[in-house]
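Engineer: The following file, coords-v9.txt, comprises compact mmCIF, C-alpha atoms:
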```
# COMPACT_ATOMS: atom_id res chain seq x y z
CA MET A 1 82.94 86.67 87.88
CA GLU A 2 85.31 88.33 85.43
CA GLU A 3 83.15 91.45 85.42
CA ASP A 4 83.31 91.47 89.20
CA ASN A 5 87.11 91.30 89.06
CA ASN A 6 87.23 94.22 86.63
CA LEU A 7 85.09 96.28 88.95
CA ARG A 8 87.47 95.49 91.78
CA LYS A 9 90.45 96.60 89.73
CA ILE A 10 89.10 100.05 88.92
CA ASP A 11 88.01 100.80 92.45
CA PHE A 12 90.69 103.38 93.17
CA GLU A 13 90.31 105.26 89.93
CA TYR A 14 87.23 107.38 90.31
CA GLY A 15 86.12 109.65 93.10
CA GLU A 16 82.76 108.01 93.65
CA GLU A 17 84.45 104.62 94.11
CA ASP A 18 86.85 105.86 96.83
CA SER A 19 84.37 105.31 99.63
CA TYR A 20 83.59 101.86 98.32
CA SER A 21 87.29 100.90 98.25
CA TYR A 22 87.92 102.40 101.66
CA ASN A 23 84.97 100.57 103.21
CA LYS A 24 85.95 97.33 101.51
CA ILE A 25 89.52 97.53 102.85
CA LYS A 26 88.33 98.52 106.30
CA LYS A 27 85.89 95.62 106.32
CA GLU A 28 88.68 93.22 105.31
CA TYR A 29 90.88 94.60 108.06
CA LEU A 30 88.17 94.21 110.70
CA LYS A 31 87.53 90.64 109.51
CA LYS A 32 91.24 89.94 109.94
CA THR A 33 91.14 91.45 113.44
CA ILE A 34 88.15 89.34 114.43
CA LYS A 35 89.91 86.25 113.05
CA PHE A 36 93.02 86.88 115.16
CA PHE A 37 91.23 87.95 118.30
CA PRO A 38 90.40 84.39 119.51
CA PHE A 39 94.05 83.38 118.91
CA LEU A 40 95.30 86.30 120.98
CA SER A 41 92.86 85.81 123.83
CA GLY A 42 93.38 82.00 123.77
CA LEU A 43 97.12 82.51 124.00
CA LEU A 44 96.80 84.91 126.92
CA ILE A 45 94.34 82.61 128.76
CA ILE A 46 96.54 79.51 128.31
CA THR A 47 99.65 81.37 129.52
CA ALA A 48 97.76 82.86 132.46
CA ILE A 49 96.33 79.44 133.45
CA TYR A 50 99.76 77.87 133.20
CA PHE A 51 101.52 80.44 135.38
CA THR A 52 98.73 81.00 137.91
CA LEU A 53 97.20 77.54 138.31
CA ILE A 54 99.35 74.74 136.89
CA TYR A 55 102.84 76.01 137.64
CA PRO A 56 102.29 76.88 141.37
CA ILE A 57 100.85 73.39 141.99
CA LEU A 58 103.76 71.76 140.28
CA LEU A 59 106.13 73.81 142.37
CA ILE A 60 104.98 72.20 145.60
CA PRO A 61 108.07 70.38 146.89
CA GLU A 62 108.44 66.62 147.05
CA ASP A 63 108.20 66.67 150.81
CA GLY A 64 105.02 68.78 150.69
CA ILE A 65 102.08 67.78 152.80
CA THR A 66 99.55 66.64 150.26
CA ILE A 67 100.41 66.62 146.59
CA THR A 68 103.35 64.26 146.49
CA TRP A 69 102.17 62.64 143.23
CA LEU A 70 103.49 65.64 141.30
CA THR A 71 107.15 64.88 142.00
CA PRO A 72 108.06 63.42 138.55
CA TYR A 73 107.82 66.93 137.20
CA SER A 74 111.25 68.18 136.26
CA PHE A 75 112.92 70.67 133.87
CA ASN A 76 110.51 73.30 135.15
CA LEU A 77 112.94 76.11 134.26
CA THR A 78 113.20 74.98 130.64
CA ILE A 79 109.46 74.38 130.29
CA ASN A 80 108.56 77.67 131.95
CA TRP A 81 110.92 79.62 129.76
CA THR A 82 109.64 77.87 126.63
CA VAL A 83 106.01 78.63 127.53
CA PHE A 84 106.78 82.20 128.49
CA SER A 85 109.01 83.11 125.52
CA LEU A 86 106.76 81.40 122.97
CA SER A 87 103.60 83.03 124.25
CA ALA A 88 105.25 86.46 124.57
CA PHE A 89 106.64 86.31 121.03
CA LEU A 90 103.38 85.00 119.59
CA PHE A 91 101.53 87.78 121.37
CA PHE A 92 103.69 90.49 119.78
CA TYR A 93 103.69 88.64 116.45
CA LEU A 94 99.88 88.75 116.34
CA ILE A 95 99.80 92.35 117.55
CA LYS A 96 102.01 93.34 114.62
CA ILE A 97 99.66 91.57 112.20
CA LEU A 98 96.88 93.72 113.59
CA ILE A 99 98.92 96.91 113.46
CA MET A 100 100.03 96.31 109.88
CA ARG A 101 97.00 97.46 107.96
CA ILE A 102 97.59 95.20 105.01
CA THR A 103 94.57 93.39 103.69
CA PRO A 104 94.45 90.89 100.80
CA PHE A 105 92.79 93.42 98.47
CA LEU A 106 95.25 96.20 99.21
CA LYS A 107 98.20 93.82 99.01
CA GLU A 108 97.03 92.64 95.59
CA GLN A 109 96.79 96.24 94.34
CA ILE A 110 100.28 97.08 95.57
CA ARG A 111 101.73 93.83 94.22
CA ASN A 112 100.23 94.47 90.76
CA ASP A 113 101.72 97.96 90.66
CA ILE A 114 105.15 96.77 91.79
CA ASN A 115 105.14 93.86 89.33
CA ALA A 116 104.21 96.24 86.50
CA LEU A 117 107.38 98.20 87.31
CA GLY A 118 109.45 95.03 87.06
CA PHE A 119 110.10 94.53 90.77
CA ILE A 120 109.00 91.89 93.23
CA ILE A 121 107.38 92.55 96.56
CA LYS A 122 108.28 90.30 99.49
CA GLU A 123 106.98 89.91 103.00
CA LYS A 124 109.93 89.95 105.39
CA ARG A 125 109.70 87.77 108.52
CA LYS A 126 113.21 87.92 109.95
CA SER A 127 111.93 88.09 113.52
CA VAL A 128 110.73 84.46 113.34
CA ILE A 129 114.16 83.21 112.23
CA PHE A 130 115.86 85.22 114.98
CA PHE A 131 113.37 84.01 117.56
CA VAL A 132 113.90 80.35 116.63
CA ILE A 133 117.71 80.62 116.66
CA LEU A 134 118.08 82.72 119.84
CA ASN A 135 115.47 80.79 121.78
CA SER A 136 116.78 77.37 120.77
CA ILE A 137 120.07 78.43 122.34
CA SER A 138 118.22 79.70 125.46
CA VAL A 139 116.32 76.42 125.86
CA LEU A 140 119.49 74.40 125.31
CA LEU A 141 121.38 76.43 127.94
CA LEU A 142 118.58 76.01 130.50
CA LEU A 143 118.33 72.31 129.75
CA LEU A 144 122.08 71.87 130.24
CA ILE A 145 121.84 73.71 133.57
CA GLU A 146 118.97 71.51 134.73
CA LEU A 147 120.84 68.39 133.67
CA ASP A 148 123.81 69.66 135.71
CA ILE A 149 126.01 69.60 132.63
CA ILE A 150 126.72 73.30 133.05
CA TYR A 151 127.85 73.67 136.64
CA PHE A 152 130.29 76.00 138.33
CA ASN A 153 131.93 75.32 141.68
CA THR A 154 133.23 78.80 142.31
CA LEU A 155 130.85 81.55 143.37
CA ALA A 156 132.47 84.12 141.08
CA LEU A 157 132.06 81.99 137.96
CA ASN A 158 128.56 81.03 138.99
CA THR A 159 127.54 84.69 139.46
CA LEU A 160 129.19 85.67 136.19
CA PHE A 161 127.36 82.92 134.30
CA LYS A 162 124.06 83.83 135.92
CA GLY A 163 124.55 87.44 134.82
CA PHE A 164 125.36 86.34 131.30
CA LEU A 165 122.36 84.00 131.19
CA ILE A 166 119.90 86.63 132.41
CA THR A 167 121.21 89.17 129.89
CA TYR A 168 121.09 86.59 127.11
CA LEU A 169 117.54 85.50 127.96
CA PHE A 170 116.43 89.12 128.04
CA LEU A 171 118.03 89.87 124.67
CA SER A 172 116.76 86.65 123.08
CA MET A 173 113.24 87.93 123.80
CA LEU A 174 113.83 91.58 123.03
CA ILE A 175 115.65 91.27 119.69
CA PRO A 176 112.95 89.25 117.84
CA ILE A 177 110.20 91.52 119.22
CA LEU A 178 112.06 94.66 118.13
CA LEU A 179 112.72 93.12 114.73
CA ARG A 180 109.07 92.22 114.43
CA PHE A 181 108.07 95.83 114.91
CA SER A 182 110.85 97.57 113.02
CA TYR A 183 111.86 95.18 110.27
CA ASP A 184 109.06 92.79 109.31
CA GLY A 185 106.70 93.96 106.60
CA LEU A 186 106.35 94.45 102.86
CA SER A 187 109.63 95.12 101.13
CA VAL A 188 110.91 95.62 97.58
CA THR A 189 114.58 95.13 96.71
CA LEU A 190 115.66 97.68 94.12
CA LYS A 191 119.37 96.90 94.01
CA ASP A 192 121.92 95.08 96.21
CA LYS A 193 122.23 97.90 98.74
CA TYR A 194 118.85 99.49 98.29
CA ASN A 195 115.41 98.36 99.31
CA VAL A 196 112.12 100.00 100.07
CA SER A 197 109.53 99.19 102.71
CA ILE A 198 105.84 99.76 102.12
CA LYS A 199 103.28 100.48 104.83
CA PRO A 200 99.64 101.24 104.14
CA TYR A 201 97.71 103.52 106.43
CA TYR A 202 94.03 104.37 106.81
CA LYS A 203 91.71 105.28 109.65
CA ILE A 204 89.96 102.42 111.39
CA ARG A 205 87.54 104.36 113.50
CA ARG A 206 84.27 105.53 112.00
CA VAL A 207 84.81 108.56 109.77
CA LYS A 208 82.08 110.88 108.58
CA THR A 209 83.74 113.00 105.92
CA LYS A 210 84.95 111.65 102.61
CA ASP A 211 88.32 113.39 103.08
CA SER A 212 89.03 111.22 106.10
CA GLN A 213 88.61 108.10 104.00
CA LEU A 214 92.05 108.47 102.50
CA ILE A 215 94.08 105.35 101.99
CA GLY A 216 97.72 106.29 102.23
CA ILE A 217 100.85 104.30 101.55
CA PHE A 218 104.14 105.20 103.22
CA ILE A 219 107.17 104.27 101.13
CA THR A 220 110.49 104.34 102.99
CA SER A 221 113.97 103.47 101.81
CA ASN A 222 116.52 101.56 103.84
CA LYS A 223 119.19 103.41 105.83
CA ILE A 224 121.43 105.20 103.36
CA ALA A 225 123.81 107.15 105.60
CA SER A 226 124.36 108.54 109.05
CA LYS A 227 122.64 111.81 109.95
CA PHE A 228 125.94 113.00 111.39
CA ASN A 229 127.82 112.79 108.11
CA LYS A 230 127.56 116.41 106.93
CA ASN A 231 128.47 115.82 103.29
CA LYS A 232 126.04 112.96 102.88
CA LYS A 233 123.31 114.84 104.70
CA SER A 234 123.77 117.78 102.36
CA LEU A 235 123.54 115.45 99.34
CA TYR A 236 120.47 113.83 100.87
CA THR A 237 118.76 117.21 101.39
CA GLN A 238 119.61 118.27 97.85
CA ILE A 239 118.10 115.13 96.31
CA ALA A 240 115.05 115.18 98.60
CA LYS A 241 114.36 118.82 97.72
CA SER A 242 114.81 118.32 94.00
CA ARG A 243 112.39 115.36 94.01
CA TRP A 244 109.92 116.94 96.45
CA LEU A 245 110.42 114.14 98.94
CA PRO A 246 109.25 114.76 102.50
CA ARG A 247 112.26 114.65 104.82
CA LYS A 248 110.30 113.46 107.82
CA ARG A 249 107.66 110.79 107.96
CA LYS A 250 104.54 112.42 109.28
CA SER A 251 103.16 110.06 111.87
CA ILE A 252 102.58 110.57 115.54
CA ILE A 253 105.02 107.95 116.70
CA SER A 254 107.68 107.43 114.10
CA LYS A 255 110.74 105.36 114.85
CA TYR A 256 112.52 107.18 112.02
CA ARG A 257 112.56 110.48 113.90
CA LEU A 258 114.84 109.09 116.57
CA SER A 259 116.95 107.09 114.15
CA PRO A 260 120.50 108.36 113.57
CA PHE A 261 120.25 107.32 109.92
CA LEU A 262 118.99 109.01 106.79
CA ARG A 263 116.23 107.45 104.70
CA PHE A 264 114.18 108.71 101.82
CA HIS A 265 110.44 108.89 102.46
CA GLU A 266 107.53 109.20 100.09
CA PHE A 267 103.77 109.16 100.53
CA SER A 268 101.20 108.09 98.00
CA THR A 269 97.62 107.05 97.51
CA PRO A 270 96.78 103.83 95.63
CA VAL A 271 96.06 105.84 92.45
CA ASN A 272 99.51 107.43 92.16
CA PHE A 273 101.47 104.67 93.86
CA GLN A 274 103.58 103.72 90.83
CA LYS A 275 104.59 107.32 90.17
CA GLN A 276 105.57 108.00 93.77
CA PHE A 277 107.38 104.67 94.05
CA LEU A 278 109.40 105.52 90.94
CA ASN A 279 110.15 108.95 92.39
CA LEU A 280 111.70 107.35 95.46
CA ALA A 281 113.53 104.72 93.38
CA LEU A 282 114.99 107.47 91.19
CA ALA A 283 116.01 109.43 94.31
CA LEU A 284 117.97 106.35 95.39
CA GLN A 285 119.45 106.11 91.92
CA ASP A 286 120.55 109.78 92.11
CA TRP A 287 122.05 109.05 95.53
CA ASP A 288 123.89 105.98 94.28
CA LEU A 289 125.28 107.73 91.20
CA HIS A 290 126.42 110.77 93.22
CA LEU A 291 128.16 108.53 95.75
CA GLU A 292 129.85 106.63 92.93
CA LYS A 293 131.13 109.93 91.53
CA ILE A 294 132.38 111.07 94.94
CA ASN A 295 134.12 107.74 95.56
CA SER A 296 135.79 107.74 92.16
CA PHE A 297 137.59 111.03 92.94
CA MET B 1 119.62 124.68 92.79
CA THR B 2 116.31 126.37 92.09
CA ILE B 3 116.58 129.78 90.48
CA SER B 4 113.83 132.34 90.87
CA TYR B 5 112.42 134.08 87.80
CA GLU B 6 112.80 137.49 89.47
CA ASP B 7 116.43 136.79 90.38
CA PHE B 8 117.09 135.72 86.82
CA ILE B 9 115.67 138.97 85.42
CA GLN B 10 117.67 140.99 87.92
CA LYS B 11 120.92 139.06 87.41
CA TYR B 12 121.00 139.75 83.68
CA GLN B 13 119.23 143.13 84.03
CA LEU B 14 116.67 142.04 81.50
CA ASP B 15 114.26 144.75 82.60
CA ASP B 16 116.81 147.52 82.14
CA PHE B 17 115.98 148.93 78.73
CA LYS B 18 118.63 151.66 78.78
CA LYS B 19 121.55 149.26 78.53
CA GLY B 20 122.24 146.93 75.67
CA PHE B 21 122.16 143.21 76.31
CA GLU B 22 125.24 141.27 75.41
CA LEU B 23 126.55 137.95 76.66
CA ARG B 24 130.01 136.56 76.06
CA GLY B 25 131.66 133.17 76.61
CA HIS B 26 130.74 131.69 79.97
CA GLU B 27 128.06 134.30 80.57
CA LYS B 28 126.11 132.95 77.61
CA ILE B 29 126.50 129.36 78.85
CA ASN B 30 125.34 130.34 82.34
CA PHE B 31 122.39 132.26 80.91
CA TYR B 32 121.37 129.27 78.81
CA ASN B 33 121.75 126.84 81.73
CA GLU B 34 119.74 129.04 84.08
CA LEU B 35 116.98 129.54 81.55
CA ASN B 36 116.87 125.77 81.06
CA GLU B 37 116.75 125.32 84.83
CA ILE B 38 113.70 127.58 85.08
CA PHE B 39 111.85 125.59 82.42
CA LYS B 40 112.96 122.33 84.01
CA ASN B 41 111.47 123.45 87.31
CA ILE B 42 108.24 124.54 85.62
CA CYS B 43 108.07 121.06 84.09
CA LYS B 44 108.64 119.48 87.50
CA ILE B 45 105.78 121.56 88.89
CA PHE B 46 103.52 120.31 86.05
CA ASP B 47 104.54 116.75 86.85
CA LYS B 48 103.86 117.04 90.57
CA LEU B 49 100.56 118.84 90.15
CA THR B 50 99.27 116.25 87.69
CA THR B 51 100.28 113.48 90.07
CA ILE B 52 98.32 115.02 92.93
CA ALA B 53 95.09 115.26 90.93
CA SER B 54 93.10 112.05 90.99
CA LEU B 55 91.70 112.44 87.46
CA ARG B 56 94.53 111.62 85.10
CA GLY B 57 93.73 114.44 82.64
CA GLY B 58 96.94 116.37 83.33
CA GLN B 59 99.06 113.29 82.88
CA VAL B 60 97.32 112.47 79.59
CA LEU B 61 98.07 115.99 78.31
CA MET B 62 101.73 115.64 79.30
CA SER B 63 101.99 112.24 77.71
CA LEU B 64 100.40 113.50 74.49
CA ALA B 65 102.73 116.50 74.40
CA LYS B 66 105.71 114.17 74.79
CA LEU B 67 104.52 111.64 72.21
CA GLN B 68 103.83 114.35 69.63
CA LYS B 69 107.59 114.85 69.35
CA SER B 70 107.58 112.00 66.86
CA ASP B 71 105.44 112.45 63.75
CA ALA B 72 103.88 109.03 64.27
CA VAL B 73 100.15 108.64 64.77
CA ILE B 74 99.26 108.51 68.46
CA ASN B 75 96.43 106.39 69.74
CA LYS B 76 95.02 105.85 73.20
CA THR B 77 97.14 102.75 73.80
CA ASP B 78 100.32 104.76 73.19
CA VAL B 79 99.27 107.18 75.93
CA LYS B 80 98.44 104.27 78.23
CA SER B 81 101.87 102.71 77.67
CA SER B 82 103.66 106.01 78.08
CA LEU B 83 101.96 106.53 81.45
CA ASN B 84 102.69 102.92 82.41
CA ILE B 85 99.05 102.20 83.15
CA ASP B 86 97.83 98.63 82.94
CA ARG B 87 94.33 99.16 81.54
CA LEU B 88 92.81 101.72 79.20
CA GLU B 89 89.65 101.95 81.33
CA LYS B 90 91.67 103.90 83.88
CA LEU B 91 92.13 106.71 81.34
CA MET B 92 88.64 106.78 79.82
CA HIS B 93 87.31 109.48 82.14
CA ALA B 94 90.35 111.64 81.42
CA PHE B 95 90.00 111.27 77.62
CA ASP B 96 86.29 112.10 77.78
CA TYR B 97 86.86 115.13 79.98
CA LEU B 98 89.72 116.51 77.87
CA GLU B 99 87.69 116.08 74.69
CA GLN B 100 84.69 117.81 76.24
CA GLN B 101 86.89 120.71 77.31
CA ASN B 102 88.35 120.91 73.81
CA TYR B 103 91.89 120.27 75.00
CA ILE B 104 92.37 117.24 72.76
CA LYS B 105 91.00 116.04 69.42
CA ILE B 106 89.96 112.44 68.96
CA GLU B 107 89.55 110.95 65.51
CA ARG B 108 87.57 107.73 65.74
CA LYS B 109 88.96 105.67 62.87
CA SER B 110 87.24 102.49 64.00
CA GLN B 111 85.47 101.32 67.14
CA LYS B 112 88.76 100.55 68.85
CA PHE B 113 91.32 102.66 67.00
CA HIS B 114 91.17 106.30 68.07
CA ILE B 115 93.81 108.79 66.99
CA ILE B 116 94.36 111.58 69.48
CA LYS B 117 96.32 114.82 69.52
CA LEU B 118 96.56 118.06 71.47
CA ASN B 119 94.17 120.72 70.25
CA ILE B 120 96.81 123.34 69.58
CA ASP B 121 94.57 125.36 67.22
CA ASP B 122 92.16 126.26 70.02
CA ASN B 123 94.81 126.33 72.77
CA PRO B 124 97.97 128.01 71.44
CA ASP B 125 99.58 127.86 74.90
CA PHE B 126 100.07 124.18 74.20
CA ILE B 127 102.94 125.06 71.85
CA LEU B 128 105.10 126.21 74.76
CA PHE B 129 103.71 123.41 76.94
CA GLN B 130 104.72 120.88 74.30
CA GLU B 131 108.21 122.34 73.98
CA ILE B 132 108.81 122.26 77.73
CA ILE B 133 107.45 118.74 78.14
CA GLN B 134 109.34 117.32 75.17
CA LYS B 135 112.61 118.74 76.40
CA PHE B 136 112.41 118.24 80.15
CA TRP B 137 109.79 115.67 81.12
CA ASN B 138 110.40 111.97 81.59
CA SER B 139 107.28 109.88 81.17
CA PRO B 140 106.57 107.13 83.74
CA GLN B 141 107.57 104.59 81.08
CA GLU B 142 110.94 106.32 80.64
CA GLU B 143 111.37 106.53 84.42
CA LYS B 144 110.61 102.82 84.68
CA GLU B 145 113.25 102.02 82.06
CA LYS B 146 115.74 104.28 83.83
CA THR B 147 115.12 102.48 87.14
CA ARG B 148 115.43 99.07 85.47
CA LYS B 149 118.74 100.03 83.85
CA TRP B 150 120.07 101.21 87.20
CA ARG B 151 118.89 97.99 88.87
CA ASP B 152 120.60 95.83 86.23
CA SER B 153 123.83 97.83 86.22
CA LYS B 154 126.70 96.59 88.42
```
Would you give me this structure, written as structure tokens?
Structural biologist:
Amino acid sequence: MEEDNNLRKIDFEYGEEDSYSYNKIKKEYLKKTIKFFPFLSGLLIITAIYFTLIYPILLIPEDGITITWLTPYSFNLTINWTVFSLSAFLFFYLIKILIMRITPFLKEQIRNDINALGFIIKEKRKSVIFFVILNSISVLLLLLIELDIIYFNTLALNTLFKGFLITYLFLSMLIPILLRFSYDGLSVTLKDKYNVSIKPYYKIRRVKTKDSQLIGIFITSNKIASKFNKNKKSLYTQIAKSRWLPRKRKSIISKYRLSPFLRFHEFSTPVNFQKQFLNLALALQDWDLHLEKINSF
Amino acid sequence: MTISYEDFIQKYQLDDFKKGFELRGHEKINFYNELNEIFKNICKIFDKLTTIASLRGGQVLMSLAKLQKSDAVINKTDVKSSLNIDRLEKLMHAFDYLEQQNYIKIERKSQKFHIIKLNIDDNPDFILFQEIIQKFWNSPQEEKEKTRKWRDSK
């Protein structure tokens, strides 16, 4: 067993083992995908059944022709919103798990490297907290409306409140989903103001050449300044050039390209992860020290 | 700012053999700083190139060159610690390769204790390599300490 563990640990070190590691990680990822697939499809089926079969029946009015026994049903707005928001959030939550190509083996490798440098890696899940808080308020508001506790006599106030409610409901769904895609993930706090996010990348589809079996790790700092601040941008460029840091993250769809903020980026493979991580950490240190100097003048 | 070797030669007219070469005051300081900058950049290039290569041979050479600054005996574990690598097995291929290529000498004192050093006798270029590395290169262990100090500072 111990021998097996040792073999696992040296996987990334030698050329001939690269394919083995890549295939192992890919296999783990596919296993994870298969595991989540029934959850995703189950969720979609339940939601679809609810909104296409159960909900229309329940909507038949009390004075309807046949199904009068369904009249005790109430709070349909609250229940519908709860079902809809929960299933929509869960859907995107699971999608993100699939998109994030982190597998237990890869996570263990990264964690070991980070721990050896004296830092701690954390998995951020702020979207869940935001979802719970924002949606609890949504459900409470809808419940109060259905209980006639929130009620407006005047048309103007009523319209204004409706507008507010629709905007709020929309945002209470959108914010957690956006956070899930942009914020959640593996993160390392370097210092109070500075943290680094880590995203592994490798090809899922069948690859024939060994070169395509590269396992890459994107390391990205938090926002450090606005792109429109000329002095800071010049300092950023200077540090990035001196440390050979790429100034753009090379991916087809990168949210960072459109962002108005500056971040340091670095790319590594599992073999040189520590070195590249330290390079980015030291770039942030250079940035911090330069800013301190500028501020002290 | 990166200075080019050609610009440096031109700036101080080092290839003009008709004129005498004399530096005074600030000129001498600038000359020294720019020369240092060139070597610093060469060292950075070494560092980046050895990071790109998957076999850690280049990094082992750099680490050895750095550690040889002290007169102490260097063993494989010292190199491992200097490169901030968790297990010696990760460097075994590199040690074997460098020994085969005659870049390093390994004295096997016991089964586990192996003294290693750069083979300067057969590779005299290592003298300059050693000087550049010792002056300008920070080992991963030093970088780690630097990052930790920064993290713990207020």
Engineer: Write out as an MDAnalysis selection string every residue belonging to chain A that has an atom at most 10 Å from any atom of chain B, counting all atoms listed in the file.
Structural biologist: chainID A and resid 6 9:15 112:113 116:119 189:192 194 238 241:244 268:269 271:276 278:279 281:282 284:286 288:289
Engineer: Could you tell me how far CA of Leu40 in chain A sits from CA of Met173 in chain A, in Å to one decimal place?
Structural biologist: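 Atom-to-atom, CA of Met173 in chain A and CA of Leu40 in chain A are spaced 18.2 Å apart.
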Engineer: Which polymer residues have any atom within 7 Å of an atom of Val79 in chain B, counting only C-alpha atoms, with same-chain residues fewer than 3 positions away left out, as number ranges by chain?
Structural biologist: B: 60, 63-64, 75-76, 82-83
Engineer: Which residue gives the smallest distance to Leu61 in chain B among B:Ile127, B:Cys43, B:Ile115, B:Leu98, with all atoms listed in the file counted?
Structural biologist: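 Closest candidate: B:Leu98.
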Engineer: In Å, with one decimal, what is the gap from CA of Asn295 in chain A to CA of Asn33 in chain B?
Structural biologist: 26.6 Å
Engineer: Which residues are close to Phe126 in chain B, i.e. within 12 Å by all atoms listed in the file, leaving aside same-chain residues fewer than 2 positions away? Reply as a list in words.
Structural biologist: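 Within the cut-off, the hits are Leu61, Met62, Leu64, Ala65, Lys66, Gln68, Tyr103, Ile104, Lys117, Leu118, Asn119, Ile120, Asp121, Asp122, Asn123, Pro124, Leu128, Phe129, Gln130, Glu131, Ile132, Ile133 and Gln134 of chain B.
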Engineer: CA of Ile25 in chain A to CA of Ile215 in chain A: how many Å, to one decimal?
Structural biologist: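 Going from CA of Ile25 in chain A over to CA of Ile215 in chain A covers 9.1 Å.
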Engineer: What lies within 12 Å of Lys31 in chain A using all atoms listed in the file, ignoring chain neighbours under 4 positions off, as a PyMOL selection string?
Structural biologist: chain A and resi 24-27+35-37+98+101-104
Engineer: Could you check the closest approach to Tyr97 in chain B for each of B:Phe31, B:Gly57, B:Phe39, B:His114 and tell me which residue wins, using only C-alpha atoms?
Structural biologist: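 The shortest atom-to-atom distance to Tyr97 in chain B comes from B:Gly57.
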Engineer: Pull the neighbourhood of (122.9, 73.2, 134.1) for me: all residues within 12 Å in file coordinates, counting only C-alpha atoms, as a VMD selection string.
Structural biologist: chain A and resid 75 77 to 78 138 to 153 158 161 to 162 165
